[in-house]
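Shown here: final28.txt, compact mmCIF, C-alpha atoms.
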# COMPACT_ATOMS: atom_id res chain seq x y z
CA MET C 22 -40.19 41.27 20.59
CA GLU C 23 -39.66 37.97 18.82
CA SER C 24 -37.07 39.56 16.53
CA MET C 25 -35.36 41.13 19.55
CA LEU C 26 -34.84 37.80 21.30
CA HIS C 27 -33.73 35.72 18.34
CA ILE C 28 -30.24 36.86 17.40
CA THR C 29 -29.75 36.60 13.64
CA THR C 30 -27.03 37.64 11.20
CA LEU C 31 -28.79 40.98 10.78
CA HIS C 32 -28.16 41.87 14.44
CA TYR C 33 -24.43 41.39 13.96
CA LEU C 34 -24.50 43.42 10.75
CA VAL C 35 -26.24 46.32 12.50
CA LEU C 36 -23.63 46.20 15.27
CA GLY C 37 -20.86 46.17 12.64
CA ALA C 38 -22.41 49.14 10.83
CA ALA C 39 -22.66 51.12 14.09
CA LEU C 40 -19.01 50.39 14.89
CA PHE C 41 -17.98 51.34 11.33
CA LEU C 42 -19.86 54.64 11.64
CA LEU C 43 -18.11 55.44 14.95
CA GLY C 44 -14.75 54.77 13.25
CA VAL C 45 -15.62 57.01 10.28
CA ILE C 46 -16.66 59.85 12.61
CA GLY C 47 -13.36 59.46 14.48
CA VAL C 48 -11.27 59.50 11.30
CA LEU C 49 -13.04 62.50 9.78
CA THR C 50 -13.37 64.79 12.80
CA ARG C 51 -10.58 64.13 15.32
CA ARG C 52 -7.38 66.13 15.32
CA ASN C 53 -4.96 63.85 17.14
CA VAL C 54 -3.21 61.44 14.74
CA VAL C 55 -3.06 58.67 17.37
CA ILE C 56 -6.84 58.73 17.80
CA VAL C 57 -7.33 58.78 14.01
CA LEU C 58 -5.23 55.59 13.76
CA MET C 59 -7.30 54.01 16.57
CA SER C 60 -10.49 54.89 14.69
CA ILE C 61 -9.08 53.06 11.65
CA GLU C 62 -8.69 50.02 13.92
CA LEU C 63 -12.38 50.40 14.84
CA ILE C 64 -13.30 50.36 11.14
CA LEU C 65 -11.23 47.22 10.49
CA ASN C 66 -12.87 45.52 13.48
CA ALA C 67 -16.33 46.31 12.13
CA VAL C 68 -15.35 44.63 8.84
CA ASN C 69 -14.04 41.61 10.76
CA LEU C 70 -17.30 41.29 12.68
CA ASN C 71 -19.24 41.22 9.41
CA LEU C 72 -16.92 38.60 7.93
CA VAL C 73 -17.25 36.28 10.93
CA ALA C 74 -21.04 36.78 11.06
CA PHE C 75 -21.35 35.80 7.38
CA SER C 76 -19.10 32.82 8.01
CA ARG C 77 -21.57 31.76 10.73
CA MET C 78 -24.51 32.32 8.39
CA TRP C 79 -23.15 30.10 5.60
CA GLY C 80 -21.66 27.49 7.92
CA GLY C 81 -18.22 27.79 6.27
CA LEU C 82 -14.84 28.99 7.44
CA HIS C 83 -13.84 31.32 4.58
CA GLY C 84 -15.00 34.37 6.51
CA GLN C 85 -12.89 33.44 9.51
CA VAL C 86 -9.79 32.97 7.32
CA PHE C 87 -10.40 36.40 5.78
CA ALA C 88 -10.80 37.88 9.26
CA ILE C 89 -7.32 36.55 10.10
CA PHE C 90 -5.91 38.18 6.95
CA VAL C 91 -7.58 41.48 7.91
CA ILE C 92 -5.96 41.26 11.36
CA THR C 93 -2.57 40.75 9.63
CA ASP C 94 -3.19 43.84 7.52
CA ALA C 95 -4.20 45.80 10.61
CA ALA C 96 -0.90 44.89 12.27
CA ALA C 97 1.08 46.01 9.21
CA GLU C 98 -0.96 49.22 8.93
CA ALA C 99 -0.49 50.05 12.61
CA ALA C 100 3.29 49.48 12.42
CA VAL C 101 3.78 51.69 9.35
CA GLY C 102 1.27 54.31 10.52
CA LEU C 103 2.90 54.68 13.91
CA GLY C 104 6.33 54.87 12.21
CA ILE C 105 5.05 57.73 10.05
CA LEU C 106 3.62 59.35 13.20
CA ILE C 107 7.01 59.23 14.92
CA ALA C 108 8.74 60.74 11.86
CA PHE C 109 6.06 63.46 11.71
CA PHE C 110 6.40 64.24 15.40
CA ARG C 111 10.18 64.49 15.04
CA ASN C 112 9.86 67.03 12.23
CA LYS C 113 6.97 69.18 13.50
CA GLU C 114 6.89 68.56 17.27
CA THR C 115 3.12 68.02 17.14
CA VAL C 116 0.57 65.26 16.59
CA ASN C 117 -2.01 67.61 15.10
CA ILE C 118 -3.35 66.31 11.77
CA ASP C 119 -4.15 69.84 10.52
CA GLU C 120 -0.43 70.48 10.19
CA VAL C 121 0.06 67.64 7.69
CA ASN C 122 -0.41 70.10 4.82
CA LEU C 123 2.81 70.13 2.78
CA LEU C 124 0.96 68.97 -0.36
CA LYS C 125 -1.71 71.69 -0.01
CA TRP C 126 -1.66 74.63 -2.41
CA MET Z 5 -20.38 23.82 23.40
CA ALA Z 6 -23.50 25.67 22.28
CA PRO Z 7 -23.74 29.29 23.47
CA VAL Z 8 -26.17 29.86 26.34
CA ALA Z 9 -28.41 32.93 26.84
CA THR Z 10 -27.36 34.32 23.44
CA PRO Z 11 -29.68 37.39 23.40
CA PHE Z 12 -28.59 38.58 26.86
CA PHE Z 13 -24.88 38.25 26.11
CA PHE Z 14 -25.28 39.71 22.61
CA TYR Z 15 -26.89 42.89 23.95
CA LEU Z 16 -24.48 43.12 26.90
CA LEU Z 17 -21.40 42.75 24.67
CA SER Z 18 -22.79 45.08 21.99
CA GLY Z 19 -23.41 47.69 24.65
CA ILE Z 20 -19.85 47.36 25.94
CA MET Z 21 -18.48 47.57 22.38
CA LEU Z 22 -20.49 50.65 21.43
CA ILE Z 23 -19.74 52.48 24.69
CA GLY Z 24 -16.05 51.64 24.22
CA GLY Z 25 -16.17 52.90 20.63
CA ILE Z 26 -17.83 56.17 21.67
CA LEU Z 27 -15.17 56.63 24.38
CA VAL Z 28 -12.41 56.01 21.79
CA ILE Z 29 -13.56 58.88 19.60
CA THR Z 30 -14.48 61.33 22.36
CA ARG Z 31 -11.69 61.20 24.97
CA LYS Z 32 -9.09 63.97 25.06
CA ASN Z 33 -6.31 61.77 26.41
CA PRO Z 34 -5.09 59.17 23.84
CA VAL Z 35 -4.20 56.77 26.67
CA HIS Z 36 -7.86 56.67 27.75
CA SER Z 37 -8.85 56.13 24.12
CA ALA Z 38 -6.43 53.21 23.87
CA LEU Z 39 -7.79 51.61 27.05
CA ALA Z 40 -11.39 52.00 25.77
CA LEU Z 41 -10.30 50.42 22.47
CA ILE Z 42 -8.85 47.44 24.37
CA VAL Z 43 -12.22 46.96 26.14
CA THR Z 44 -13.98 47.09 22.75
CA LEU Z 45 -11.59 44.51 21.28
CA LEU Z 46 -12.05 42.11 24.19
CA ALA Z 47 -15.86 42.37 23.97
CA GLN Z 48 -15.57 41.68 20.25
CA ALA Z 49 -13.48 38.58 20.97
CA SER Z 50 -16.34 37.34 23.16
CA ILE Z 51 -18.78 37.95 20.30
CA TYR Z 52 -16.49 35.84 18.06
CA LEU Z 53 -16.84 33.03 20.60
CA MET Z 54 -20.63 33.31 20.29
CA LEU Z 55 -20.24 33.01 16.50
CA TYR Z 56 -18.37 29.68 16.77
CA ALA Z 57 -15.00 31.23 15.89
CA PRO Z 58 -12.69 30.38 18.83
CA PHE Z 59 -9.49 30.66 16.80
CA VAL Z 60 -10.30 34.16 15.55
CA ALA Z 61 -11.23 35.11 19.12
CA GLY Z 62 -7.82 33.93 20.35
CA VAL Z 63 -6.00 35.76 17.56
CA GLN Z 64 -8.04 38.88 18.39
CA ILE Z 65 -6.98 38.81 22.04
CA ILE Z 66 -3.33 37.88 21.49
CA LEU Z 67 -2.56 39.94 18.39
CA TYR Z 68 -4.96 42.88 18.61
CA ALA Z 69 -5.50 43.54 22.29
CA GLY Z 70 -2.04 42.23 23.15
CA GLY Z 71 0.25 43.22 20.28
CA ILE Z 72 -1.15 46.16 18.37
CA MET Z 73 -2.48 48.02 21.40
CA VAL Z 74 0.87 47.71 23.21
CA LEU Z 75 2.44 49.26 20.10
CA PHE Z 76 -0.06 52.11 20.30
CA LEU Z 77 0.63 52.70 24.00
CA PHE Z 78 4.40 52.72 23.36
CA VAL Z 79 4.03 55.34 20.63
CA ILE Z 80 1.75 57.45 22.88
CA MET Z 81 4.59 57.39 25.42
CA LEU Z 82 7.13 58.45 22.76
CA VAL Z 83 5.23 61.46 21.41
CA SER Z 84 4.32 64.26 23.78
CA ILE Z 85 0.56 64.53 24.26
CA GLU Z 86 0.36 67.32 26.83
CA ARG Z 87 0.16 70.09 24.24
CA SER Z 88 -2.46 68.38 22.07
CA MET Z 89 -4.65 67.70 25.11
CA LYS Z 90 -4.92 71.42 25.83
CA GLU Z 91 -5.78 72.28 22.23
CA ARG Z 92 -9.03 72.04 20.28
CA GLN Z 93 -9.93 68.36 19.77
CA PHE Z 94 -11.63 68.56 16.37
CA ASN Z 95 -9.87 69.32 13.11
CA SER Z 96 -10.62 72.23 10.81
CA GLN Z 97 -12.78 70.16 8.42
CA TRP Z 98 -14.97 68.67 11.12
CA VAL Z 99 -18.23 70.15 9.76
CA VAL Z 100 -17.66 68.54 6.36
CA GLY Z 101 -16.50 65.30 7.99
CA MET Z 102 -19.54 65.16 10.26
CA SER Z 103 -21.91 65.74 7.33
CA ALA Z 104 -20.20 62.97 5.36
CA ALA Z 105 -20.53 60.63 8.34
CA THR Z 106 -24.21 61.57 8.71
CA ALA Z 107 -24.76 60.83 5.02
CA LEU Z 108 -23.11 57.43 5.51
CA GLY Z 109 -25.37 56.76 8.50
CA GLY Z 110 -28.41 57.67 6.40
CA LEU Z 111 -27.19 55.25 3.72
CA PHE Z 112 -26.87 52.49 6.33
CA ILE Z 113 -30.41 53.16 7.60
CA ALA Z 114 -31.76 53.13 4.02
CA VAL Z 115 -30.02 49.81 3.32
CA TYR Z 116 -31.41 48.42 6.58
CA THR Z 117 -35.02 49.41 5.89
CA LYS Z 118 -34.90 48.22 2.25
CA GLY Z 119 -32.94 45.02 2.63
CA LYS Z 120 -33.46 43.61 6.09
CA ASP Z 121 -35.72 40.82 4.82
CA ILE Z 122 -33.28 39.29 2.34
CA PHE Z 123 -31.11 37.70 5.05
CA PRO Z 124 -32.12 34.21 6.13
CA ASP Z 125 -32.88 34.26 9.85
CA HIS Z 126 -31.59 30.75 10.42
CA ALA Z 127 -27.89 29.92 10.76
CA LEU Z 128 -26.33 26.72 9.46
CA SER Z 129 -24.94 24.43 12.09
CA MET Z 130 -21.24 24.70 12.83
CA VAL Z 131 -18.95 22.63 15.01
CA GLU Z 132 -16.17 24.33 16.89
CA ASP Z 133 -14.30 21.25 18.13
CA ASP Z 134 -11.94 21.20 15.13
CA ASN Z 135 -12.23 24.87 14.23
CA THR Z 136 -8.51 25.63 14.60
CA GLN Z 137 -7.56 22.55 12.62
CA LYS Z 138 -9.93 23.43 9.77
CA VAL Z 139 -8.76 27.06 9.65
CA ALA Z 140 -5.13 25.88 9.53
CA THR Z 141 -5.91 23.42 6.73
CA MET Z 142 -7.52 26.22 4.72
CA LEU Z 143 -4.68 28.67 5.42
CA TYR Z 144 -2.01 26.23 4.24
CA GLY Z 145 -4.10 24.68 1.45
CA GLN Z 146 -6.63 26.77 -0.39
CA TYR Z 147 -5.30 30.15 0.78
CA MET Z 148 -1.59 29.35 0.50
CA PHE Z 149 -0.74 32.16 -1.93
CA ALA Z 150 -2.68 34.70 0.13
CA PHE Z 151 -0.78 33.46 3.17
CA GLU Z 152 2.58 33.94 1.42
CA ILE Z 153 1.58 37.43 0.27
CA ALA Z 154 0.57 38.25 3.86
CA SER Z 155 4.03 37.22 5.09
CA LEU Z 156 5.60 39.41 2.38
CA LEU Z 157 3.34 42.28 3.50
CA LEU Z 158 4.52 41.89 7.07
CA LEU Z 159 8.17 41.96 5.90
CA VAL Z 160 7.52 45.17 3.94
CA ALA Z 161 5.76 46.65 6.99
CA ILE Z 162 8.73 45.84 9.26
CA ILE Z 163 11.19 47.47 6.85
CA GLY Z 164 8.86 50.42 6.31
CA ALA Z 165 8.37 51.02 10.02
CA VAL Z 166 12.13 50.95 10.63
CA VAL Z 167 12.82 53.31 7.70
CA MET Z 168 10.11 55.74 8.87
CA ALA Z 169 10.98 55.78 12.56
CA LYS Z 170 14.79 55.76 12.36
CA LYS Z 171 16.56 59.11 12.33
CA ARG Z 172 19.41 58.18 9.99
CA ILE Z 173 19.60 54.92 8.08
Mind turning this structure into C-alpha cells?
Amino acid sequence: MESMLHITTLHYLVLGAALFLLGVIGVLTRRNVVIVLMSIELILNAVNLNLVAFSRMWGGLHGQVFAIFVITDAAAEAAVGLGILIAFFRNKETVNIDEVNLLKW
Amino acid sequence: MAPVATPFFFYLLSGIMLIGGILVITRKNPVHSALALIVTLLAQASIYLMLYAPFVAGVQIILYAGGIMVLFLFVIMLVSIERSMKERQFNSQWVVGMSAATALGGLFIAVYTKGKDIFPDHALSMVEDDNTQKVATMLYGQYMFAFEIASLLLLVAIIGAVVMAKKRI
C-alpha cells in the first residue's frame, strides 16, 4: 500500500511500458494504415514519457530537451507517412496494409 | 507550484491514457481512433505537468494534439474509409504479431520483477519557474547542432511529403 501511494519513477516507467506495448500490438496486428501510423505515435509517446520521467529523477533537463526532439521527429514521420499513405491510396484505392506487397516474392 | 494529490491524479490520468490507447487500437473507425488518441495525448500532457515539465506539456498540446492530429484527421477525410470499415480489421500476420507482442510483454514483466529495486525511489528537487528559459538555453547552447539537424530533418520531411502526395511534380 505504501508503494501504491508514493509515486516514483518506476510507476511512470510501468505506464510507459504499457503504452509501448499497446502501440506494438496496434502496429503488428491492425490492417488499416492510418491506425498503424497512430499506433506508432503511441510508441513515440511512451518513449517521451520515459525520457521526462528520467529527467525528473535526475533533476536535470536533458530528458525534456530530448522529448522535444522526439516530438519533432514524430511530426516529420507523420508528414512523410501520411504522404506515402495518400500516394498508396491513389494507386491501389485501399488503405489495407496487406496489399503493400510489391516487394514480396 | 508543487503538485497536489499526486497519487490520485497519477492513477486517474494513467487510467485515461490506457483506456484511450486501448480504444486507439480497437476501434473500427479511424476517426474514433484519432479522437481517442487526442484524449491520450492530453492526459499525457497533464502527466508532464506533474513531472515539472511545463514546456514539454505545452509543446505536447500545441504540436501533437493540435498539429499532428489535425494532419491525421485531414488525411482520414482524404482517403475513403467506408470500405475498410466493412472489412476484416486484423491483418493476415496477426497471429505472429500477437505472439511477438506477448513475448515483448513477458520481457517487460521479467525486467520489472528483476530490476524494480535498482531505481531510487526519491526524486531530486526541480524548479519549474524558469523551466522554459533553461530548456531554451540548452536547445540553443549545448544542443545547437542537434537543433540544426532537426530543422534540416523538418525541411526534408516537407519536401518528402510534397513529393509523395503530389500527383505530378
**OP:** Kindly determine which residues of chain Z lie within 6 Å of chain C, considering all atoms listed in the file, and give the answer as a list in words.
**Re:** Pro11, Ile29, Gln93, Phe94, Asn95, Trp98, Gly101, Ala105, Asp125, Ala127, Leu128, Met130, Leu158, Ala161, Ala165, Met168 and Ala169 of chain Z
**OP:** Rounded to one decimal place, report the CA of Met54 (chain Z)-CA of Gly19 (chain Z) distance in Å.
**Re:** 15.3 Å
Need the axis-aligned box for region 47-65 of chain Z with 5 Å each side, so what are the centre and edges in Å to one decimal, as lines of an AutoDock Vina configuration file?
center_x = -13.3
center_y = 36.0
center_z = 19.8
size_x = 24.6
size_y = 22.7
size_z = 18.4
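Candidate residues Z:Met148, Z:Ile85, Z:Ala104, Z:Val131 were compared for distance to Leu53 (chain Z), and the nearest is Z:Val131, using all atoms listed in the file.
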Subject >> Of the listed residues Z:Val167, Z:Leu39, Z:Leu22, Z:Ile65, that which approaches Tyr52 (chain Z) most closely, counting only C-alpha atoms >> reply: Z:Ile65
Could you add N, CA and C atoms to region 59-74 of chain C and give me the result as a tab-separated table (two decimals), keeping the file's coordinate frame?
chain	number	residue	atom	x	y	z
C	59	MET	N	-6.45	54.93	15.79
C	59	MET	CA	-7.30	54.01	16.57
C	59	MET	C	-8.68	53.89	15.93
C	60	SER	N	-9.20	54.97	15.36
C	60	SER	CA	-10.49	54.89	14.69
C	60	SER	C	-10.41	53.98	13.47
C	61	ILE	N	-9.24	53.99	12.78
C	61	ILE	CA	-9.08	53.06	11.65
C	61	ILE	C	-9.14	51.62	12.16
C	62	GLU	N	-8.58	51.37	13.34
C	62	GLU	CA	-8.69	50.02	13.92
C	62	GLU	C	-10.15	49.67	14.18
C	63	LEU	N	-10.95	50.65	14.63
C	63	LEU	CA	-12.38	50.40	14.84
C	63	LEU	C	-13.05	49.98	13.54
C	64	ILE	N	-12.70	50.67	12.43
C	64	ILE	CA	-13.30	50.36	11.14
C	64	ILE	C	-12.94	48.93	10.74
C	65	LEU	N	-11.65	48.57	10.88
C	65	LEU	CA	-11.23	47.22	10.49
C	65	LEU	C	-11.93	46.16	11.34
C	66	ASN	N	-12.18	46.47	12.62
C	66	ASN	CA	-12.87	45.52	13.48
C	66	ASN	C	-14.32	45.34	13.07
C	67	ALA	N	-14.95	46.43	12.61
C	67	ALA	CA	-16.33	46.31	12.13
C	67	ALA	C	-16.39	45.37	10.93
C	68	VAL	N	-15.41	45.51	10.01
C	68	VAL	CA	-15.35	44.63	8.84
C	68	VAL	C	-15.16	43.18	9.29
C	69	ASN	N	-14.29	42.97	10.25
C	69	ASN	CA	-14.04	41.61	10.76
C	69	ASN	C	-15.30	41.00	11.34
C	70	LEU	N	-16.07	41.80	12.07
C	70	LEU	CA	-17.30	41.29	12.68
C	70	LEU	C	-18.27	40.83	11.59
C	71	ASN	N	-18.38	41.62	10.51
C	71	ASN	CA	-19.24	41.22	9.41
C	71	ASN	C	-18.77	39.92	8.79
C	72	LEU	N	-17.45	39.81	8.57
C	72	LEU	CA	-16.92	38.60	7.93
C	72	LEU	C	-17.23	37.36	8.76
C	73	VAL	N	-17.01	37.45	10.08
C	73	VAL	CA	-17.25	36.28	10.93
C	73	VAL	C	-18.74	35.98	11.02
C	74	ALA	N	-19.60	37.02	11.00
C	74	ALA	CA	-21.04	36.78	11.06
C	74	ALA	C	-21.51	36.07	9.79
